[in-house]
2 protein chains.
Amino acid sequence: MVNLSLISSSDVLVRKLQTISDIREADIGVLRAIPVQMKDFGANHDLVREGDHPAYSFVVLEGLVGSTKHTGDGKRQITSFFVAGDIPDLHGLHLSVMDCNFSTLTPARIGFMRHDTLRTVCDQHPRIATAFWRSTLIDAAIYREWVTNVGRREAYTRMAHILCELIFRLRSVGHIQDHVADLPITQAALGDALGLSTVHVNRMLQELRRKGLIATSGSKVHALDWPGLIHAGDFDTTYLHQRNRTDQ
Amino acid sequence: MVNLSLISSSDVLVRKLQTISDIREADIGVLRAIPVQMKDFGANHDLVREGDHPAYSFVVLEGLVGSTKHTGDGKRQITSFFVAGDIPDLHGLHLSVMDCNFSTLTPARIGFMRHDTLRTVCDQHPRIATAFWRSTLIDAAIYREWVTNVGRREAYTRMAHILCELIFRLRSVGHIQDHVADLPITQAALGDALGLSTVHVNRMLQELRRKGLIATSGSKVHALDWPGLIHAGDFDTTYLHQRNRTDQ
DNA sequence: CGCGGGGTTGAGGTCAATCAATCAATGTGG
DNA sequence: CCACATTGATTGATTGACCTCAACCCCGCG
C-alpha cells in the first residue's frame, strides 16, 4: 500500500494531467502552487448536489467518486467513475448550476480548489487551460462510451467492460500492483453504474469468476485473464484518450 | 418553412452560442468572419468516423446529426443528437483521434470550419474560447442525461424524454412553429438512440399517441400536451444549461 | 407495376427485474 | 463474551419488460 501522507495532493493531479496532456516544467510549478484544501469522507457522501452553485472544484486524491443522477421515481444512475487525479466537477467552472451530484462510492480523500483561483490559472497559463479543457473532453468521451455500454451491450459484457475501464484507469495512475485492484465498491453501486439490479450484478460477477477472468477476495479484484476480460467486455481504450498506451 | 438560402451559416452559429453564452457585438463579427464550407448530405451519411484525425470541425446548419458508436457485435448506439447551430465534433480541436462517428440522421446541411482557424480564434478571443468550451460542457451534460435515460428509465418514459429534449432544443433555435416539429427521423434511429428495438419504439409512440400527448403526420411531430409530455418523460431542462428559460 | 424502405402487428422467447430468503462479516451494547 | 442489529453478498422462484422473428401494409418511385 502506498503511504499517502508522503504524496502531496499536487503530485496526484500533475501525474494525471501528464497522462492526458503535454505539461511542461513551468506549468508543474504553477499547478503545485494552487492551494488545495484536503478533506476525508466516508462512502456514499454527497460532495456536490444537483442544483448547487459551487465555488470550488475538487480533485480526487484517493478513493472512488461517482457522478450520479436520480430519476423522478428515485432510481439512481451513476454516469461515470472518477479515480485519483481526476477533477470530476471541473465543468462547474463554466456551468454555474450543477446538473448532477458527485458522491463518494468508497471512502475518499478529496482536495478542494477555489474556482476563482482556477480561472486565474487558466487565464494566465493557456497550456494548463487546454489541459483542463482536454480533461473535460475526455470525461465527455467516457460518458459517450457509457451510453453505448448501457444502451447496447448485454449485462455480462457491460459488467466486464466497466471492470476493464476501472482497472485500466487505476493502472494508468499507478494504483494497481500485480493486476490486483482494491475496489471497495458495493454491488449495488455497480448496478447503479450499469443500469442493472444488485442481484443481476452478483450473477454476472459469478459468471466472470466461473470463466476464470477475474477473482475476488474482500474488496480486491484480480484480473486473472486481462486479454480475456478485454475481449469479454468489448473494450477498446481509444475513448480514454491516453497519451501513450504502451502498458496495455 | 424558413427559407434557408436567406440565412447565413454564421447566423445559425451565433444564435446558438447566444442561447448558451454571453456573446458581445465584437465577438459576433469575429464569428461571422470564420470561413465556412457548406455541403449538403442525405440521411445516414457518416461525416466523421471513429479513428479519424479530422482537420475540420463542423456546424449543423439544417437537419439532425447524431454521435454514434458501434459495439463489437455490430449494434449501433446514438449517444446524442445535434440540431441546427450545434458543433458536434468541437472536441476534435483537442482530442486528435475520434472515438465516435458523426452521422446525419436526416438530410442535413453542414458547415465545415478548419481547426487551425478555430484555434486562432480561441487564442485571440477568450470569450469565444469560453463559449466553445461551454458548448462542449453542455454536450457532456447531455451525455450524462442520456446515460440516465437509457440506464434507469423504462421505455415509455425514455421515449417521451427524448422527444421533450428534441422539441425543446429545436424550439430554442427557432425551428418550431405551433408546437409542431419536423423530424424526418426513422423509428430505427430512435431505437438506436434509446437502446430499444424498432418494434418497441413503434409501440411506445403508439402509447404516447393513445394518451393524447403527441400526434404525428408524416414526419411532423405535434406535441399536443406539452406539460403532459414533460411529465411523462420525467424531463427537467436544467441539464441543457440554457441562459434564459422563459419560454418553456 | 413491381420494388424497397419504413411503419405496424402478432406470437413466442429471453434477459433481467422483483420478491423473499438466507448467509457472512462486522459492529455494538449489555 | 455473547445477543442483537446492520450491511452486503448470495440464492431460488416468479414475473415482466422488451426482443426476435415473421408477416403484412402503405406509399413513393423507377
# chains A, B, ... in the order shown; residues from 1 in each chain; ligands from 1
>>> residues_around(residues="region 12-27 of chain C", least_positions_apart="3", cutoff="10 Å", atoms="only C-alpha atoms (C1' of nucleotides)", output="number ranges by chain")
A: 154-155, 196-200; D: 5-21
>>> write_last_selection(atoms="C-alpha atoms (C1' of nucleotides)", output="PDB file, in the first residue's frame")
ATOM      1  CA  GLU A 154     -25.880  -7.106 -22.556  1.00  0.00           C
ATOM      2  CA  ALA A 155     -25.323  -7.392 -18.844  1.00  0.00           C
ATOM      3  CA  LEU A 196     -28.740  -3.378 -13.512  1.00  0.00           C
ATOM      4  CA  SER A 197     -30.220  -4.754 -10.304  1.00  0.00           C
ATOM      5  CA  THR A 198     -27.937  -5.802  -7.472  1.00  0.00           C
ATOM      6  CA  VAL A 199     -28.996  -9.385  -7.903  1.00  0.00           C
ATOM      7  CA  HIS A 200     -28.020  -9.435 -11.536  1.00  0.00           C
TER       8      HIS A 200
ATOM      9  C1'  DA D   5     -28.582  -5.221  14.620  1.00  0.00           C
ATOM     10  C1'  DT D   6     -26.752  -3.851  10.249  1.00  0.00           C
ATOM     11  C1'  DT D   7     -24.735  -4.053   5.823  1.00  0.00           C
ATOM     12  C1'  DG D   8     -23.576  -6.517   1.826  1.00  0.00           C
ATOM     13  C1'  DA D   9     -23.398 -10.904  -0.810  1.00  0.00           C
ATOM     14  C1'  DT D  10     -25.807 -14.877  -2.439  1.00  0.00           C
ATOM     15  C1'  DT D  11     -29.577 -17.941  -3.935  1.00  0.00           C
ATOM     16  C1'  DG D  12     -34.120 -19.567  -5.846  1.00  0.00           C
ATOM     17  C1'  DA D  13     -38.651 -18.721  -7.754  1.00  0.00           C
ATOM     18  C1'  DT D  14     -41.547 -15.945 -10.258  1.00  0.00           C
ATOM     19  C1'  DT D  15     -42.811 -12.128 -13.095  1.00  0.00           C
ATOM     20  C1'  DG D  16     -42.494  -8.849 -16.571  1.00  0.00           C
ATOM     21  C1'  DA D  17     -40.440  -5.793 -19.985  1.00  0.00           C
ATOM     22  C1'  DC D  18     -38.576  -5.915 -24.073  1.00  0.00           C
ATOM     23  C1'  DC D  19     -36.549  -8.631 -28.041  1.00  0.00           C
ATOM     24  C1'  DT D  20     -36.826 -11.523 -32.096  1.00  0.00           C
ATOM     25  C1'  DC D  21     -38.997 -13.361 -35.827  1.00  0.00           C
TER      26       DC D  21
END
>>> closest_atom_pairs(of="chain A", to="chain B", cutoff="9 Å", atoms="only C-alpha atoms", output="CSV")
residue,atom,partner,partner_atom,distance
A:Gly51,CA,B:Thr238,CA,8.3
A:Ser67,CA,B:Arg144,CA,8.6
A:Thr68,CA,B:Thr148,CA,8.6
A:Lys69,CA,B:Thr148,CA,6.7
A:His70,CA,B:Thr148,CA,7.9
A:Thr71,CA,B:Asp234,CA,7.2
A:Gly72,CA,B:Asp234,CA,6.0
A:Asp73,CA,B:Asp234,CA,8.8
A:Lys75,CA,B:Arg152,CA,6.6
A:Arg76,CA,B:Arg152,CA,7.3
A:Gln77,CA,B:Thr148,CA,5.5
A:Ile78,CA,B:Thr148,CA,7.6
A:Thr79,CA,B:Arg144,CA,5.8
A:Ser80,CA,B:Arg144,CA,8.2
A:His91,CA,B:Leu137,CA,6.2
A:His94,CA,B:Arg134,CA,6.0
A:Leu95,CA,B:Arg134,CA,7.1
A:Ser96,CA,B:His241,CA,8.7
A:Val97,CA,B:His241,CA,7.8
A:Met98,CA,B:Tyr239,CA,8.2
A:Asp99,CA,B:Tyr239,CA,5.2
A:Cys100,CA,B:Arg144,CA,8.3
A:Asp123,CA,B:Pro126,CA,8.5
A:Pro126,CA,B:Asp123,CA,8.5
A:Thr130,CA,B:His94,CA,7.7
A:Ala131,CA,B:His94,CA,8.8
A:Trp133,CA,B:Trp133,CA,6.9
A:Arg134,CA,B:His94,CA,6.0
A:Thr136,CA,B:Leu137,CA,7.2
A:Leu137,CA,B:His91,CA,6.2
A:Ile138,CA,B:Leu95,CA,8.1
A:Asp139,CA,B:Ala140,CA,7.5
A:Ala140,CA,B:Ala140,CA,4.8
A:Ala141,CA,B:Asp99,CA,7.2
A:Tyr143,CA,B:Tyr143,CA,5.7
A:Arg144,CA,B:Thr79,CA,5.8
A:Glu145,CA,B:Lys69,CA,7.8
A:Trp146,CA,B:Val147,CA,6.5
A:Val147,CA,B:Val147,CA,4.8
A:Thr148,CA,B:Gln77,CA,5.5
A:Asn149,CA,B:Thr71,CA,8.3
A:Val150,CA,B:Gly151,CA,5.8
A:Gly151,CA,B:Gly195,CA,4.4
A:Arg152,CA,B:Gly195,CA,5.8
A:Arg153,CA,B:Thr71,CA,7.4
A:Asp192,CA,B:Gly151,CA,8.2
A:Ala193,CA,B:Gly151,CA,8.2
A:Leu194,CA,B:Gly151,CA,6.9
A:Gly195,CA,B:Gly151,CA,4.4
A:Leu196,CA,B:Gly151,CA,7.9
A:Asp234,CA,B:Gly72,CA,6.0
A:Phe235,CA,B:Gly72,CA,8.8
A:Thr238,CA,B:Asp99,CA,6.2
A:Tyr239,CA,B:Asp99,CA,5.2
A:Leu240,CA,B:Asp99,CA,8.7
A:His241,CA,B:Leu95,CA,7.3
>>> select_by_dssp(residues="region 28-235 of chain B", states="alpha helix (DSSP H)", output="MDAnalysis selection string")
chainID B and resid 28:33 115:124 126:152 155:172 187:194 198:210 226:232
>>> closest_atom_pairs(of="chain C", to="chain B", cutoff="10 Å", atoms="only C-alpha atoms (C1' of nucleotides)", output="CSV")
residue,atom,partner,partner_atom,distance
C:DG6,C1',B:Thr186,CA,7.4
C:DG7,C1',B:Asn202,CA,7.9
C:DT8,C1',B:Asn202,CA,7.7
C:DT9,C1',B:Val199,CA,9.5
>>> residues_around(residues="Ala26 (chain A)", least_positions_apart="5", cutoff="12 Å", atoms="only C-alpha atoms (C1' of nucleotides)", output="list in words")
Val14, Leu31, Arg32, Ala33, His125, Pro126, Arg127 and Ile128 of chain A
>>> write_last_selection(atoms="N, CA and C atoms", output="short mmCIF file (atom, residue, chain, number, x, y, z; two decimals), in the first residue's frame")
data_model
loop_
_atom_site.label_atom_id
_atom_site.label_comp_id
_atom_site.auth_asym_id
_atom_site.auth_seq_id
_atom_site.Cartn_x
_atom_site.Cartn_y
_atom_site.Cartn_z
N VAL A 14 -0.85 16.41 -10.99
CA VAL A 14 0.14 16.57 -12.05
C VAL A 14 0.31 15.27 -12.82
N LEU A 31 0.89 24.52 -11.10
CA LEU A 31 -0.10 23.59 -10.56
C LEU A 31 0.15 23.32 -9.08
N ARG A 32 1.43 23.17 -8.73
CA ARG A 32 1.76 22.89 -7.33
C ARG A 32 1.39 24.05 -6.43
N ALA A 33 1.35 25.25 -7.01
CA ALA A 33 1.09 26.43 -6.19
C ALA A 33 -0.41 26.64 -5.92
N HIS A 125 -2.21 30.83 -17.99
CA HIS A 125 -1.41 29.70 -18.48
C HIS A 125 -2.22 28.87 -19.47
N PRO A 126 -2.18 29.29 -20.73
CA PRO A 126 -3.02 28.66 -21.75
C PRO A 126 -2.81 27.14 -21.86
N ARG A 127 -1.58 26.68 -21.64
CA ARG A 127 -1.38 25.23 -21.74
C ARG A 127 -2.13 24.48 -20.66
N ILE A 128 -2.21 25.08 -19.48
CA ILE A 128 -2.97 24.45 -18.40
C ILE A 128 -4.47 24.51 -18.72
#
>>> residues_around(residues="Ile230 (chain A)", least_positions_apart="5", cutoff="10 Å", atoms="only C-alpha atoms (C1' of nucleotides)", output="ChimeraX atom specification")
/A:157,160-161,163-165,213,225,235-237
>>> write_last_selection(atoms="N, CA and C atoms", output="mmCIF file, in the first residue's frame")
data_model
loop_
_atom_site.group_PDB
_atom_site.id
_atom_site.type_symbol
_atom_site.label_atom_id
_atom_site.label_comp_id
_atom_site.auth_asym_id
_atom_site.auth_seq_id
_atom_site.Cartn_x
_atom_site.Cartn_y
_atom_site.Cartn_z
ATOM 1 N N THR A 157 -21.385 -8.519 -20.775
ATOM 2 C CA THR A 157 -20.398 -7.698 -21.463
ATOM 3 C C THR A 157 -20.239 -6.352 -20.754
ATOM 4 N N ALA A 160 -18.141 -6.691 -17.645
ATOM 5 C CA ALA A 160 -16.728 -6.860 -17.972
ATOM 6 C C ALA A 160 -16.137 -5.532 -18.441
ATOM 7 N N HIS A 161 -16.918 -4.784 -19.216
ATOM 8 C CA HIS A 161 -16.438 -3.520 -19.763
ATOM 9 C C HIS A 161 -16.098 -2.528 -18.667
ATOM 10 N N LEU A 163 -15.364 -3.130 -15.593
ATOM 11 C CA LEU A 163 -14.187 -3.571 -14.846
ATOM 12 C C LEU A 163 -12.918 -3.227 -15.617
ATOM 13 N N CYS A 164 -12.945 -3.435 -16.926
ATOM 14 C CA CYS A 164 -11.796 -3.070 -17.756
ATOM 15 C C CYS A 164 -11.485 -1.587 -17.595
ATOM 16 N N GLU A 165 -12.515 -0.762 -17.698
ATOM 17 C CA GLU A 165 -12.273 0.674 -17.600
ATOM 18 C C GLU A 165 -11.672 1.040 -16.258
ATOM 19 N N LEU A 213 -11.988 -15.254 -15.541
ATOM 20 C CA LEU A 213 -11.498 -13.940 -15.968
ATOM 21 C C LEU A 213 -11.076 -13.079 -14.781
ATOM 22 N N ASP A 225 -7.215 -12.897 -16.177
ATOM 23 C CA ASP A 225 -7.006 -13.043 -17.617
ATOM 24 C C ASP A 225 -7.370 -11.726 -18.284
ATOM 25 N N PHE A 235 -13.884 -4.175 -25.009
ATOM 26 C CA PHE A 235 -13.214 -2.969 -24.504
ATOM 27 C C PHE A 235 -12.120 -2.502 -25.447
ATOM 28 N N ASP A 236 -12.132 -1.212 -25.763
ATOM 29 C CA ASP A 236 -11.121 -0.592 -26.613
ATOM 30 C C ASP A 236 -10.755 0.730 -25.961
ATOM 31 N N THR A 237 -9.455 0.935 -25.706
ATOM 32 C CA THR A 237 -9.043 2.073 -24.878
ATOM 33 C C THR A 237 -9.104 3.422 -25.586
#
>>> select_by_dssp(residues="region 4-52 of chain B", states="strand (DSSP E or B)", output="PDB file with C-alpha atoms, in the first residue's frame")
ATOM      1  CA  GLN B  37     -17.528  25.486 -46.297  1.00  0.00           C
ATOM      2  CA  MET B  38     -21.109  24.384 -46.788  1.00  0.00           C
ATOM      3  CA  LYS B  39     -22.196  20.979 -48.014  1.00  0.00           C
ATOM      4  CA  ASP B  40     -25.462  19.056 -48.178  1.00  0.00           C
ATOM      5  CA  PHE B  41     -25.834  15.388 -47.286  1.00  0.00           C
ATOM      6  CA  ASP B  46     -21.005   9.377 -41.979  1.00  0.00           C
ATOM      7  CA  LEU B  47     -19.483  12.845 -41.645  1.00  0.00           C
ATOM      8  CA  VAL B  48     -16.610  11.683 -39.440  1.00  0.00           C
TER       9      VAL B  48
END
>>> atom_distance(atom1="CA of Leu118 (chain A)", atom2="CA of Phe82 (chain A)")
19.5 Å
>>> residues_around(residues="Ser9 (chain A)", least_positions_apart="5", cutoff="10 Å", atoms="only C-alpha atoms (C1' of nucleotides)", output="list in words")
Leu4, Val14, Arg32, Ile34, Pro35, Val36, Gln37, Met38, Val59, Val60, Leu61, Glu62, Ala84, Gly85, Arg109, Ile110 and Gly111 of chain A
>>> decode(residues="chain C", atoms="C-alpha atoms (C1' of nucleotides)", output="PDB file, in the first residue's frame")
ATOM      1  C1'  DC C   1     -46.391  -2.403 -61.955  1.00  0.00           C
ATOM      2  C1'  DG C   2     -43.044  -4.304 -59.102  1.00  0.00           C
ATOM      3  C1'  DC C   3     -39.817  -2.923 -55.676  1.00  0.00           C
ATOM      4  C1'  DG C   4     -37.921  -1.172 -51.388  1.00  0.00           C
ATOM      5  C1'  DG C   5     -37.904   1.432 -47.206  1.00  0.00           C
ATOM      6  C1'  DG C   6     -40.305   2.402 -43.329  1.00  0.00           C
ATOM      7  C1'  DG C   7     -44.211   1.576 -40.342  1.00  0.00           C
ATOM      8  C1'  DT C   8     -47.375  -1.726 -37.984  1.00  0.00           C
ATOM      9  C1'  DT C   9     -48.988  -6.018 -35.911  1.00  0.00           C
ATOM     10  C1'  DG C  10     -48.992 -10.641 -33.532  1.00  0.00           C
ATOM     11  C1'  DA C  11     -46.820 -14.574 -31.237  1.00  0.00           C
ATOM     12  C1'  DG C  12     -43.363 -16.550 -28.709  1.00  0.00           C
ATOM     13  C1'  DG C  13     -38.988 -16.364 -26.337  1.00  0.00           C
ATOM     14  C1'  DT C  14     -35.466 -14.428 -23.224  1.00  0.00           C
ATOM     15  C1'  DC C  15     -32.967 -11.471 -20.402  1.00  0.00           C
ATOM     16  C1'  DA C  16     -33.075  -9.223 -16.389  1.00  0.00           C
ATOM     17  C1'  DA C  17     -36.213  -7.318 -12.518  1.00  0.00           C
ATOM     18  C1'  DT C  18     -38.582  -8.273  -8.425  1.00  0.00           C
ATOM     19  C1'  DC C  19     -39.581 -10.621  -4.314  1.00  0.00           C
ATOM     20  C1'  DA C  20     -38.119 -13.068  -0.494  1.00  0.00           C
ATOM     21  C1'  DA C  21     -34.972 -15.717   1.987  1.00  0.00           C
ATOM     22  C1'  DT C  22     -30.558 -16.937   3.784  1.00  0.00           C
ATOM     23  C1'  DC C  23     -25.773 -16.227   4.866  1.00  0.00           C
ATOM     24  C1'  DA C  24     -21.386 -13.951   6.149  1.00  0.00           C
ATOM     25  C1'  DA C  25     -18.922 -10.259   8.149  1.00  0.00           C
ATOM     26  C1'  DT C  26     -18.777  -6.506  11.151  1.00  0.00           C
ATOM     27  C1'  DG C  27     -20.056  -3.705  14.809  1.00  0.00           C
ATOM     28  C1'  DT C  28     -22.466  -2.531  19.296  1.00  0.00           C
ATOM     29  C1'  DG C  29     -24.276  -2.537  23.800  1.00  0.00           C
ATOM     30  C1'  DG C  30     -25.027  -5.076  27.898  1.00  0.00           C
TER      31       DG C  30
END
